[in-house]
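Asker: One file is attached below, data_15.csv, containing CSV, C-alpha atoms and all ligand atoms.
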chain,number,residue,atom,x,y,z
A,1,MET,CA,82.7,-23.8,-125.1
A,2,GLN,CA,86.5,-23.5,-125.2
A,3,LYS,CA,88.7,-26.2,-123.6
A,4,ARG,CA,89.8,-25.1,-120.1
A,5,ASN,CA,92.3,-26.2,-117.6
A,6,PHE,CA,89.4,-26.9,-115.2
A,7,LYS,CA,85.7,-26.8,-115.3
A,8,PHE,CA,84.0,-23.8,-113.9
A,9,SER,CA,80.4,-23.9,-112.8
A,10,LEU,CA,77.9,-21.9,-110.7
A,11,GLU,CA,75.0,-22.8,-108.4
A,12,ILE,CA,72.0,-20.6,-107.8
A,13,PHE,CA,68.8,-21.1,-105.9
A,14,PRO,CA,65.2,-20.1,-106.8
A,15,PRO,CA,63.9,-17.1,-104.8
A,16,LYS,CA,61.5,-18.2,-102.0
A,17,LYS,CA,58.6,-16.0,-103.1
A,18,ASP,CA,57.0,-16.3,-106.6
A,19,SER,CA,56.8,-12.5,-106.6
A,20,ASP,CA,60.6,-12.3,-106.5
A,21,ILE,CA,61.2,-14.5,-109.5
A,22,LYS,CA,62.5,-11.5,-111.6
A,23,THR,CA,65.5,-11.2,-109.2
A,24,ILE,CA,66.9,-14.5,-110.4
A,25,TYR,CA,66.9,-13.3,-114.0
A,26,ASP,CA,68.7,-10.1,-112.9
A,27,THR,CA,71.3,-12.4,-111.3
A,28,LEU,CA,71.6,-14.6,-114.4
A,29,ASP,CA,72.0,-11.5,-116.6
A,30,GLU,CA,75.2,-10.8,-114.7
A,31,LEU,CA,76.4,-14.4,-114.2
A,32,LYS,CA,76.2,-15.2,-117.8
A,33,ASP,CA,79.3,-13.0,-118.4
A,34,LEU,CA,81.3,-15.5,-116.3
A,35,ASN,CA,81.0,-18.0,-119.2
A,36,PRO,CA,80.4,-21.0,-116.9
A,37,ASP,CA,80.4,-24.6,-118.1
A,38,PHE,CA,77.0,-24.9,-116.5
A,39,ILE,CA,74.7,-23.3,-113.9
A,40,SER,CA,72.9,-25.6,-111.5
A,41,VAL,CA,69.6,-24.7,-109.8
A,42,THR,CA,68.8,-26.1,-106.3
A,43,TYR,CA,65.5,-27.8,-105.6
A,44,GLY,CA,63.8,-27.3,-102.2
A,45,ALA,CA,67.2,-26.8,-100.5
A,46,LEU,CA,67.2,-26.3,-96.8
A,47,GLY,CA,63.6,-27.1,-96.5
A,48,SER,CA,62.2,-24.5,-98.8
A,49,LEU,CA,59.4,-25.8,-101.0
A,50,ASN,CA,60.1,-24.0,-104.3
A,51,ASN,CA,60.3,-27.1,-106.4
A,52,ASN,CA,58.3,-26.0,-109.4
A,53,LYS,CA,60.6,-23.0,-110.0
A,54,THR,CA,63.7,-25.2,-110.5
A,55,VAL,CA,62.5,-26.7,-113.8
A,56,LYS,CA,61.5,-23.4,-115.2
A,57,ILE,CA,64.7,-21.6,-114.2
A,58,ALA,CA,66.9,-24.5,-115.5
A,59,SER,CA,65.0,-24.5,-118.7
A,60,ASP,CA,65.4,-20.7,-119.1
A,61,ILE,CA,69.2,-21.0,-118.5
A,62,LYS,CA,69.4,-23.5,-121.2
A,63,ASN,CA,67.1,-22.0,-123.8
A,64,GLN,CA,67.2,-18.2,-123.1
A,65,TYR,CA,70.8,-17.8,-121.9
A,66,GLY,CA,72.3,-20.6,-124.0
A,67,ILE,CA,74.2,-22.0,-121.0
A,68,GLU,CA,74.2,-25.7,-120.0
A,69,SER,CA,72.0,-26.1,-116.9
A,70,VAL,CA,71.8,-28.8,-114.2
A,71,ALA,CA,68.4,-29.2,-112.5
A,72,HIS,CA,68.7,-30.5,-108.9
A,73,LEU,CA,66.0,-33.1,-108.0
A,74,THR,CA,65.5,-34.6,-104.5
A,75,CYS,CA,63.7,-37.6,-103.1
A,76,VAL,CA,61.8,-35.4,-100.6
A,77,GLY,CA,58.1,-36.1,-101.1
A,78,LEU,CA,58.8,-37.4,-104.6
A,79,LYS,CA,56.5,-40.1,-106.0
A,80,LYS,CA,57.4,-41.9,-109.2
A,81,ASN,CA,54.5,-40.2,-111.0
A,82,ASP,CA,55.7,-36.7,-110.1
A,83,CYS,CA,59.2,-37.7,-111.0
A,84,ASP,CA,58.0,-38.8,-114.5
A,85,ILE,CA,56.3,-35.4,-114.9
A,86,ILE,CA,59.4,-33.5,-114.0
A,87,LEU,CA,61.7,-35.7,-116.1
A,88,ASN,CA,59.4,-35.2,-119.1
A,89,GLU,CA,59.3,-31.5,-118.6
A,90,LEU,CA,63.1,-31.3,-118.4
A,91,LYS,CA,63.4,-33.4,-121.5
A,92,ASN,CA,60.9,-31.3,-123.4
A,93,ASN,CA,62.9,-28.2,-122.5
A,94,ASN,CA,66.2,-29.8,-123.6
A,95,VAL,CA,67.6,-29.8,-120.0
A,96,LYS,CA,70.0,-32.7,-120.2
A,97,ASN,CA,71.6,-32.7,-116.7
A,98,ILE,CA,70.2,-33.6,-113.3
A,99,LEU,CA,71.8,-33.6,-109.9
A,100,ALA,CA,70.0,-36.4,-108.1
A,101,LEU,CA,69.9,-36.0,-104.4
A,102,ARG,CA,68.3,-37.5,-101.3
A,103,GLY,CA,67.5,-33.9,-100.3
A,104,ASP,CA,67.5,-31.9,-97.1
A,105,LEU,CA,64.8,-33.5,-94.9
A,106,VAL,CA,61.8,-31.3,-94.4
A,107,PRO,CA,59.9,-31.7,-91.1
A,108,GLY,CA,56.5,-33.2,-91.7
A,109,ILE,CA,57.3,-34.3,-95.3
A,110,GLU,CA,57.9,-37.9,-96.1
A,111,LEU,CA,60.7,-38.9,-98.5
A,112,GLY,CA,58.3,-40.4,-101.1
A,113,ASP,CA,59.1,-43.4,-103.4
A,114,PHE,CA,62.9,-43.1,-103.1
A,115,LYS,CA,64.8,-43.5,-99.8
A,116,TYR,CA,68.4,-42.7,-100.9
A,117,ALA,CA,69.8,-40.8,-103.9
A,118,ASN,CA,71.1,-43.9,-105.5
A,119,GLU,CA,67.5,-45.1,-106.0
A,120,LEU,CA,66.7,-41.9,-107.8
A,121,VAL,CA,69.9,-42.1,-109.9
A,122,SER,CA,68.8,-45.6,-111.0
A,123,TYR,CA,65.3,-44.5,-111.8
A,124,ILE,CA,66.5,-41.5,-113.9
A,125,ASN,CA,68.9,-43.7,-115.8
A,126,GLU,CA,66.1,-46.2,-116.5
A,127,PHE,CA,64.0,-43.3,-117.7
A,128,GLY,CA,66.9,-42.4,-120.0
A,129,GLY,CA,68.3,-39.4,-121.8
A,130,PHE,CA,70.0,-37.6,-118.8
A,131,ASN,CA,73.5,-37.0,-117.6
A,132,VAL,CA,73.3,-37.6,-113.9
A,133,PHE,CA,75.4,-35.8,-111.3
A,134,GLY,CA,75.6,-36.8,-107.6
A,135,ALA,CA,76.6,-35.1,-104.4
A,136,CYS,CA,79.6,-36.1,-102.2
A,137,TYR,CA,81.0,-35.0,-98.9
A,138,PRO,CA,84.8,-34.5,-98.3
A,139,GLU,CA,84.3,-34.6,-94.5
A,140,GLY,CA,81.7,-37.4,-94.7
A,141,HIS,CA,77.9,-36.9,-94.7
A,142,LEU,CA,76.5,-36.0,-91.3
A,143,GLU,CA,74.3,-39.1,-91.1
A,144,ALA,CA,77.1,-41.5,-92.0
A,145,ALA,CA,78.9,-43.3,-89.1
A,146,SER,CA,82.3,-42.6,-90.8
A,147,LEU,CA,83.9,-41.2,-93.9
A,148,ASP,CA,84.7,-44.8,-94.9
A,149,GLU,CA,81.0,-45.8,-94.7
A,150,ASP,CA,79.9,-42.7,-96.6
A,151,ILE,CA,82.4,-43.5,-99.4
A,152,TYR,CA,81.2,-47.1,-99.5
A,153,ASN,CA,77.6,-45.7,-100.1
A,154,LEU,CA,79.0,-43.2,-102.6
A,155,LYS,CA,80.6,-46.0,-104.6
A,156,ASN,CA,77.2,-47.7,-104.8
A,157,LYS,CA,75.6,-44.4,-105.9
A,158,VAL,CA,78.2,-43.9,-108.6
A,159,ASP,CA,77.7,-47.5,-109.8
A,160,CYS,CA,74.0,-46.8,-110.2
A,161,GLY,CA,74.9,-44.4,-113.0
A,162,VAL,CA,76.4,-41.1,-111.6
A,163,LYS,CA,78.6,-39.5,-114.3
A,164,SER,CA,80.2,-36.7,-112.2
A,165,LEU,CA,80.2,-35.6,-108.5
A,166,ILE,CA,80.0,-32.2,-106.9
A,167,THR,CA,81.2,-31.8,-103.4
A,168,GLN,CA,79.7,-30.2,-100.4
A,169,LEU,CA,81.4,-27.0,-99.4
A,170,PHE,CA,84.6,-27.2,-97.4
A,171,PHE,CA,87.0,-24.6,-96.1
A,172,ASP,CA,90.2,-26.6,-95.8
A,173,ASN,CA,91.5,-28.2,-99.0
A,174,LYS,CA,93.2,-31.0,-97.1
A,175,HIS,CA,89.7,-32.6,-96.6
A,176,PHE,CA,89.2,-32.6,-100.3
A,177,TYR,CA,92.6,-34.1,-101.2
A,178,LYS,CA,92.2,-36.8,-98.6
A,179,PHE,CA,88.6,-37.6,-99.8
A,180,GLN,CA,89.7,-37.7,-103.4
A,181,LYS,CA,92.4,-40.2,-102.6
A,182,MET,CA,90.1,-42.4,-100.6
A,183,ALA,CA,87.4,-42.3,-103.3
A,184,LEU,CA,89.9,-43.3,-105.9
A,185,GLU,CA,91.2,-46.1,-103.8
A,186,LYS,CA,87.6,-47.4,-103.5
A,187,GLY,CA,87.3,-47.4,-107.3
A,188,ILE,CA,85.4,-44.1,-107.7
A,189,THR,CA,86.8,-42.7,-111.0
A,190,VAL,CA,84.2,-40.2,-112.1
A,191,PRO,CA,85.2,-36.5,-112.2
A,192,ILE,CA,84.8,-34.6,-108.9
A,193,GLU,CA,84.1,-30.9,-108.9
A,194,ALA,CA,85.0,-29.0,-105.7
A,195,GLY,CA,82.2,-27.0,-104.2
A,196,ILE,CA,83.4,-23.6,-102.9
A,197,MET,CA,81.3,-21.3,-100.8
A,198,PRO,CA,82.8,-17.9,-100.2
A,199,ILE,CA,82.5,-16.7,-96.6
A,200,THR,CA,80.4,-13.6,-96.7
A,201,ASN,CA,78.2,-13.6,-93.6
A,202,LYS,CA,79.1,-14.8,-90.1
A,203,LYS,CA,75.6,-16.2,-89.2
A,204,GLN,CA,75.1,-17.8,-92.6
A,205,ILE,CA,78.5,-19.6,-92.5
A,206,GLU,CA,77.9,-20.9,-89.0
A,207,LYS,CA,74.5,-22.1,-89.9
A,208,MET,CA,75.7,-23.8,-93.1
A,209,SER,CA,78.6,-25.4,-91.2
A,210,ASN,CA,76.1,-26.8,-88.7
A,211,THR,CA,73.6,-28.1,-91.2
A,212,CYS,CA,76.0,-29.6,-93.7
A,213,GLY,CA,78.9,-30.7,-91.5
A,214,ALA,CA,81.7,-28.6,-93.0
A,215,SER,CA,84.2,-27.8,-90.3
A,216,ILE,CA,85.4,-24.3,-89.7
A,217,PRO,CA,89.2,-24.2,-89.6
A,218,ASP,CA,91.1,-21.7,-87.3
A,219,SER,CA,92.0,-19.5,-90.2
A,220,VAL,CA,88.3,-19.0,-91.0
A,221,GLN,CA,87.2,-18.7,-87.4
A,222,LEU,CA,89.8,-15.9,-87.1
A,223,LEU,CA,88.2,-14.0,-90.0
A,224,LEU,CA,84.7,-14.5,-88.5
A,225,ASP,CA,85.9,-13.2,-85.1
A,226,LYS,CA,87.8,-10.3,-86.6
A,227,TYR,CA,85.3,-9.1,-89.2
A,228,GLY,CA,82.0,-10.6,-88.1
A,229,ASP,CA,80.6,-7.2,-87.2
A,230,ASN,CA,81.8,-5.6,-90.4
A,231,PRO,CA,79.9,-7.3,-93.2
A,232,GLU,CA,81.7,-5.5,-96.1
A,233,GLN,CA,85.1,-6.2,-94.8
A,234,LEU,CA,84.2,-9.9,-94.1
A,235,ARG,CA,82.8,-10.2,-97.6
A,236,GLU,CA,86.1,-8.9,-99.1
A,237,GLU,CA,88.2,-11.2,-96.8
A,238,GLY,CA,85.9,-14.1,-97.8
A,239,ILE,CA,86.5,-13.5,-101.5
A,240,LYS,CA,90.3,-13.5,-100.8
A,241,TYR,CA,90.0,-16.7,-98.9
A,242,ALA,CA,88.0,-18.4,-101.7
A,243,VAL,CA,90.4,-17.3,-104.4
A,244,GLU,CA,93.3,-18.7,-102.4
A,245,GLN,CA,91.4,-22.0,-101.9
A,246,ILE,CA,90.6,-22.2,-105.6
A,247,LYS,CA,94.2,-21.4,-106.7
A,248,ASP,CA,95.5,-24.2,-104.5
A,249,LEU,CA,92.9,-26.6,-105.9
A,250,ILE,CA,93.9,-25.7,-109.4
A,251,ASN,CA,97.6,-26.2,-108.5
A,252,HIS,CA,96.6,-29.6,-107.3
A,253,GLY,CA,94.9,-30.4,-110.7
A,254,VAL,CA,91.3,-30.2,-109.6
A,255,TYR,CA,88.8,-31.3,-112.3
A,256,GLY,CA,86.4,-28.5,-111.6
A,257,ILE,CA,85.3,-25.6,-109.4
A,258,HIS,CA,81.6,-25.3,-108.5
A,259,LEU,CA,80.9,-22.0,-107.0
A,260,TYR,CA,78.0,-21.6,-104.5
A,261,THR,CA,77.1,-18.1,-105.6
A,262,MET,CA,74.4,-17.6,-103.0
A,263,ASN,CA,72.8,-15.6,-105.9
A,264,SER,CA,75.4,-12.8,-105.5
A,265,PRO,CA,76.9,-11.8,-108.9
A,266,TYR,CA,79.2,-9.3,-107.1
A,267,ILE,CA,81.0,-12.1,-105.2
A,268,ALA,CA,81.0,-14.5,-108.1
A,269,LYS,CA,82.4,-11.9,-110.5
A,270,LYS,CA,85.1,-10.8,-108.1
A,271,ILE,CA,86.3,-14.4,-107.7
A,272,TYR,CA,86.1,-15.0,-111.4
A,273,GLU,CA,88.2,-12.0,-112.2
A,274,GLN,CA,91.0,-13.3,-110.1
A,275,ILE,CA,91.0,-16.9,-111.5
A,276,LYS,CA,90.1,-16.4,-115.1
A,277,HIS,CA,93.7,-16.1,-116.2
A,278,LEU,CA,94.2,-19.7,-114.9
A,279,MET,CA,91.4,-21.2,-117.0
A,301,LIG,P1,72.6,-39.9,-100.3
A,301,LIG,O1,73.6,-40.2,-101.3
A,301,LIG,O2,71.3,-40.7,-100.4
A,301,LIG,O3,73.2,-40.1,-98.9
A,301,LIG,C1,72.5,-39.7,-97.7
A,301,LIG,C2,73.1,-40.5,-96.5
A,301,LIG,O4,72.7,-41.9,-96.6
A,301,LIG,C3,74.6,-40.6,-96.4
A,301,LIG,O5,74.9,-40.6,-95.0
A,301,LIG,C4,75.0,-41.9,-97.1
A,301,LIG,O6,76.2,-42.4,-96.6
A,301,LIG,C5,73.8,-42.8,-96.7
A,301,LIG,N1,73.4,-43.7,-97.8
A,301,LIG,C6,73.4,-43.4,-99.1
A,301,LIG,N2,72.9,-44.5,-99.8
A,301,LIG,C7,72.6,-45.4,-98.9
A,301,LIG,C8,72.0,-46.7,-99.0
A,301,LIG,N3,71.7,-47.3,-100.1
A,301,LIG,N4,71.9,-47.4,-97.8
A,301,LIG,C9,72.2,-46.9,-96.6
A,301,LIG,N5,72.7,-45.6,-96.5
A,301,LIG,C10,72.9,-44.9,-97.6
A,301,LIG,N6,69.5,-30.5,-100.8
A,301,LIG,C11,68.3,-30.1,-101.3
A,301,LIG,O7,67.3,-30.4,-100.6
A,301,LIG,N7,68.2,-29.5,-102.5
A,301,LIG,C12,69.3,-29.2,-103.2
A,301,LIG,O8,69.1,-28.6,-104.3
A,301,LIG,C13,70.6,-29.6,-102.8
A,301,LIG,N8,71.7,-29.4,-103.5
A,301,LIG,C14,72.9,-30.0,-103.1
A,301,LIG,C15,74.0,-29.8,-103.9
A,301,LIG,C16,75.2,-30.4,-103.5
A,301,LIG,C17,76.4,-30.2,-104.5
A,301,LIG,C18,75.3,-31.0,-102.3
A,301,LIG,C19,76.7,-31.6,-101.8
A,301,LIG,C20,74.2,-31.1,-101.5
A,301,LIG,C21,73.0,-30.6,-101.9
A,301,LIG,N9,71.8,-30.8,-101.1
A,301,LIG,C22,70.6,-30.3,-101.5
A,301,LIG,C23,71.9,-31.4,-99.7
A,301,LIG,C24,71.7,-32.9,-99.8
A,301,LIG,O9,70.4,-33.2,-100.3
A,301,LIG,C25,71.8,-33.4,-98.3
A,301,LIG,O10,73.1,-33.3,-97.9
A,301,LIG,C26,71.2,-34.8,-98.1
A,301,LIG,O11,71.2,-35.0,-96.7
A,301,LIG,C27,72.0,-35.9,-98.7
A,301,LIG,O12,71.8,-36.0,-100.1
A,301,LIG,P2,72.6,-37.0,-101.0
A,301,LIG,O13,72.0,-37.0,-102.3
A,301,LIG,O14,74.1,-36.9,-100.8
A,301,LIG,O15,72.1,-38.4,-100.2
Now, as a test, write the supplied structure out as structure tokens.

Answerer:
Amino acid sequence: MQKRNFKFSLEIFPPKKDSDIKTIYDTLDELKDLNPDFISVTYGALGSLNNNKTVKIASDIKNQYGIESVAHLTCVGLKKNDCDIILNELKNNNVKNILALRGDLVPGIELGDFKYANELVSYINEFGGFNVFGACYPEGHLEAASLDEDIYNLKNKVDCGVKSLITQLFFDNKHFYKFQKMALEKGITVPIEAGIMPITNKKQIEKMSNTCGASIPDSVQLLLDKYGDNPEQLREEGIKYAVEQIKDLINHGVYGIHLYTMNSPYIAKKIYEQIKHLM
């Protein structure tokens, strides 16, 4: 992998139905041309129980596509025994990176043997052999009383052995810059990759914003109001917005851009085409 001005990575999610598994490989066939530093694969995100597919897809990214992969793993329903099985499977398949998460809570499913992500981070590090990523929240996690409190907990998680952080999506870079400064002041010195989600669908963005606590600035609301009934135009405006956001982050020396692709190669490619000259 050549040395770049910033890291560039992608996130995909496994299809809900087993019968749709081929679609993710069609997506990967296109995403591989973007030459990402890694592709991460979600695990049971937003309450979907598709956990077994994460290991398989992360392994295939690494071994069939020759791209570094990051397998997400959450505490939801996770017992230490199951965790060991997953870690061994990842290790046997040469997957070296894990994003350790508390997880989106699933109604009716208990957390398991780990209550917070930091406990899972410690457990994976004791198991050994993995490079552990963690999640962070430029506007603060929804359950935290304040951004300060969330960063206090984040410092603890990093001290448990997180090597890099990936942020929750945000639409206003000022949240990222403020968060980065606060984190540094609290002694968090690991690299932070900025999570960017292109605005492509009005309902989806409003739902994401509600569930993950990312605020919608006036400039984005304007786009949603103006083009909400015109999906194609909204998608193009969303791509433009994401490109501008990314360029500004690069100008501010961001360590990495993590693109939430929503499994859309079209959008990821269009964004990549407009930022690749900056890499
Ligand atoms: P934690 O770091 O455990 O934090 C959760 C809350 O608890 C925070 O409010 C924090 O301040 C507080 N806290 C943390 N540690 C402690 C402690 N020791 N004592 C008291 N309070 C504490 N979800 C999925 O289900 N699957 C995915 O694949 C997935 N991928 C994601 C990828 C990224 C980049 C991000 C940003 C999020 C992702 N999520 C995913 C969502 C994530 O699981 C949720 O946001 C979840 O609510 C919090 O996870 P966490 O790992 O950040 O939790």

Asker: Just give me the residues with any atom within 10 Å of (64.5, -24.7, -111.2), file coordinates, counting all atoms listed in the file, written as a ChimeraX atom specification.

Answerer: /A:12-15,40-44,50-61,69-73,90

Asker: Put those residues in a file: C-alpha atoms, as a PDB file, keeping the file's coordinate frame.

Answerer:
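Dumped to out25.pdb:
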ATOM      1  CA  ILE A  12      72.000 -20.600-107.800  1.00  0.00           C
ATOM      2  CA  PHE A  13      68.800 -21.100-105.900  1.00  0.00           C
ATOM      3  CA  PRO A  14      65.200 -20.100-106.800  1.00  0.00           C
ATOM      4  CA  PRO A  15      63.900 -17.100-104.800  1.00  0.00           C
ATOM      5  CA  SER A  40      72.900 -25.600-111.500  1.00  0.00           C
ATOM      6  CA  VAL A  41      69.600 -24.700-109.800  1.00  0.00           C
ATOM      7  CA  THR A  42      68.800 -26.100-106.300  1.00  0.00           C
ATOM      8  CA  TYR A  43      65.500 -27.800-105.600  1.00  0.00           C
ATOM      9  CA  GLY A  44      63.800 -27.300-102.200  1.00  0.00           C
ATOM     10  CA  ASN A  50      60.100 -24.000-104.300  1.00  0.00           C
ATOM     11  CA  ASN A  51      60.300 -27.100-106.400  1.00  0.00           C
ATOM     12  CA  ASN A  52      58.300 -26.000-109.400  1.00  0.00           C
ATOM     13  CA  LYS A  53      60.600 -23.000-110.000  1.00  0.00           C
ATOM     14  CA  THR A  54      63.700 -25.200-110.500  1.00  0.00           C
ATOM     15  CA  VAL A  55      62.500 -26.700-113.800  1.00  0.00           C
ATOM     16  CA  LYS A  56      61.500 -23.400-115.200  1.00  0.00           C
ATOM     17  CA  ILE A  57      64.700 -21.600-114.200  1.00  0.00           C
ATOM     18  CA  ALA A  58      66.900 -24.500-115.500  1.00  0.00           C
ATOM     19  CA  SER A  59      65.000 -24.500-118.700  1.00  0.00           C
ATOM     20  CA  ASP A  60      65.400 -20.700-119.100  1.00  0.00           C
ATOM     21  CA  ILE A  61      69.200 -21.000-118.500  1.00  0.00           C
ATOM     22  CA  SER A  69      72.000 -26.100-116.900  1.00  0.00           C
ATOM     23  CA  VAL A  70      71.800 -28.800-114.200  1.00  0.00           C
ATOM     24  CA  ALA A  71      68.400 -29.200-112.500  1.00  0.00           C
ATOM     25  CA  HIS A  72      68.700 -30.500-108.900  1.00  0.00           C
ATOM     26  CA  LEU A  73      66.000 -33.100-108.000  1.00  0.00           C
ATOM     27  CA  LEU A  90      63.100 -31.300-118.400  1.00  0.00           C
TER      28      LEU A  90
END

Asker: Hey, can you pull every residue with an atom no more than 10 Å from (87.0, -14.6, -98.5), using only C-alpha atoms, and send it as an mmCIF file with C-alpha atoms, in the coordinates of the input?

Answerer:
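result07.cif was written with the following content:
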data_model
loop_
_atom_site.group_PDB
_atom_site.id
_atom_site.type_symbol
_atom_site.label_atom_id
_atom_site.label_comp_id
_atom_site.auth_asym_id
_atom_site.auth_seq_id
_atom_site.Cartn_x
_atom_site.Cartn_y
_atom_site.Cartn_z
ATOM 1 C CA MET A 197 81.300 -21.300 -100.800
ATOM 2 C CA PRO A 198 82.800 -17.900 -100.200
ATOM 3 C CA ILE A 199 82.500 -16.700 -96.600
ATOM 4 C CA THR A 200 80.400 -13.600 -96.700
ATOM 5 C CA VAL A 220 88.300 -19.000 -91.000
ATOM 6 C CA LEU A 223 88.200 -14.000 -90.000
ATOM 7 C CA GLN A 233 85.100 -6.200 -94.800
ATOM 8 C CA LEU A 234 84.200 -9.900 -94.100
ATOM 9 C CA ARG A 235 82.800 -10.200 -97.600
ATOM 10 C CA GLU A 236 86.100 -8.900 -99.100
ATOM 11 C CA GLU A 237 88.200 -11.200 -96.800
ATOM 12 C CA GLY A 238 85.900 -14.100 -97.800
ATOM 13 C CA ILE A 239 86.500 -13.500 -101.500
ATOM 14 C CA LYS A 240 90.300 -13.500 -100.800
ATOM 15 C CA TYR A 241 90.000 -16.700 -98.900
ATOM 16 C CA ALA A 242 88.000 -18.400 -101.700
ATOM 17 C CA VAL A 243 90.400 -17.300 -104.400
ATOM 18 C CA GLU A 244 93.300 -18.700 -102.400
ATOM 19 C CA GLN A 245 91.400 -22.000 -101.900
ATOM 20 C CA ILE A 267 81.000 -12.100 -105.200
ATOM 21 C CA ILE A 271 86.300 -14.400 -107.700
#

Asker: For a quick check of understanding, using only C-alpha atoms and all ligand atoms, which of A:Asp29, A:Asp84, A:Glu149, A:Glu126 has the smallest distance to ligand LIG 301 (chain A)?

Answerer: A:Glu149

Asker: Which residue, A:Gly103, A:Pro265, A:Pro217, A:Gly129, has the smallest gap to ligand LIG 301 (chain A) when you use all atoms listed in the file?

Answerer: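 With all atoms listed in the file as the atom set, the closest residue is A:Gly103.
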
Asker: What lies within 7 Å of Lys202 of chain A using only C-alpha atoms, ignoring chain neighbours under 4 positions off, as a ChimeraX atom specification?

Answerer: /A:206,224,228

Asker: Residues near Arg102 of chain A, anyone? I mean within 7 Å using only C-alpha atoms, not counting same-chain ones fewer than 3 positions away, as a ChimeraX atom specification.

Answerer: /A:74-76,116-117

Asker: Save the residues we just selected, C-alpha atoms, as a PDB file, keeping the file's coordinate frame?

Answerer:
ATOM      1  CA  THR A  74      65.500 -34.600-104.500  1.00  0.00           C
ATOM      2  CA  CYS A  75      63.700 -37.600-103.100  1.00  0.00           C
ATOM      3  CA  VAL A  76      61.800 -35.400-100.600  1.00  0.00           C
ATOM      4  CA  TYR A 116      68.400 -42.700-100.900  1.00  0.00           C
ATOM      5  CA  ALA A 117      69.800 -40.800-103.900  1.00  0.00           C
TER       6      ALA A 117
END

Asker: When distances are computed from all atoms listed in the file, which of A:Ile86, A:Leu10, A:Leu111, A:Ile205 shows the smallest separation from Gly256 of chain A?

Answerer: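 The closest residue to Gly256 of chain A is A:Leu10.
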
Asker: If you count only C-alpha atoms, which residues fall within 9 Å of Pro36 of chain A, apart from same-chain ones fewer than 3 positions away, as a list in words?

Answerer: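 Non-adjacent residues within range: Met1, Lys7, Phe8, Ser9, Leu10, Leu31, Lys32, Asp33, Ile39, Ile67 and Glu68 of chain A.
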
Asker: What's the separation between atom CA of Lys174 of chain A and atom CA of Leu34 of chain A, in Å to one decimal place?

Answerer: 27.4 Å

Asker: Choose the residue, out of A:Asp225, A:Asp26, A:Glu185, A:Asp159, that has the smallest atom-to-atom separation from ligand LIG 301 (chain A); count all atoms listed in the file.

Answerer: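 Closest candidate: A:Asp159.
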
Asker: Would you compute the distance between atom CA of His175 of chain A and atom CA of Glu139 of chain A? Give it in Å to one decimal.

Answerer: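 So the two atoms, atom CA of His175 of chain A and atom CA of Glu139 of chain A, lie 6.1 Å apart.
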
Asker: One number please: atom CA of Asp248 of chain A to atom CA of Ala183 of chain A, in Å, one decimal.

Answerer: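 Interatomic distance, atom CA of Asp248 of chain A to atom CA of Ala183 of chain A: 19.9 Å.
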
Asker: Between A:Met262, A:Leu249, A:Ala100, A:Leu78, which residue has the minimum interatomic distance to ligand LIG 301 (chain A), considering only C-alpha atoms and all ligand atoms?

Answerer: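 For ligand LIG 301 (chain A), the nearest of the candidates is A:Ala100.
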
Asker: Kindly indicate which residue among A:Ala214, A:Ile188, A:Leu259, A:Ala135 lies nearest to ligand LIG 301 (chain A), using all atoms listed in the file for the distances.

Answerer: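 Ranking A:Ala214, A:Ile188, A:Leu259, A:Ala135 by distance to ligand LIG 301 (chain A), first place goes to A:Ala135.
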
Asker: List the neighbours of Pro138 of chain A out to 8 Å using all atoms listed in the file; skip same-chain residues closer than 6 positions along the sequence, and give me the result as a CSV table (one decimal) with C-alpha atoms, keeping the file's coordinate frame.

Answerer:
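Saved to result_35.csv:
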chain,number,residue,atom,x,y,z
A,167,THR,CA,81.2,-31.8,-103.4
A,168,GLN,CA,79.7,-30.2,-100.4
A,170,PHE,CA,84.6,-27.2,-97.4
A,175,HIS,CA,89.7,-32.6,-96.6
A,176,PHE,CA,89.2,-32.6,-100.3
A,178,LYS,CA,92.2,-36.8,-98.6
A,179,PHE,CA,88.6,-37.6,-99.8
A,180,GLN,CA,89.7,-37.7,-103.4

Asker: What's around Cys160 of chain A at 7 Å? Count only C-alpha atoms, leave out sequence neighbours fewer than 4 positions away in its own chain, and write the answer as a list in words.

Answerer: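 In the requested form, the answer reads Asn118, Val121, Ser122 and Asn156 of chain A.
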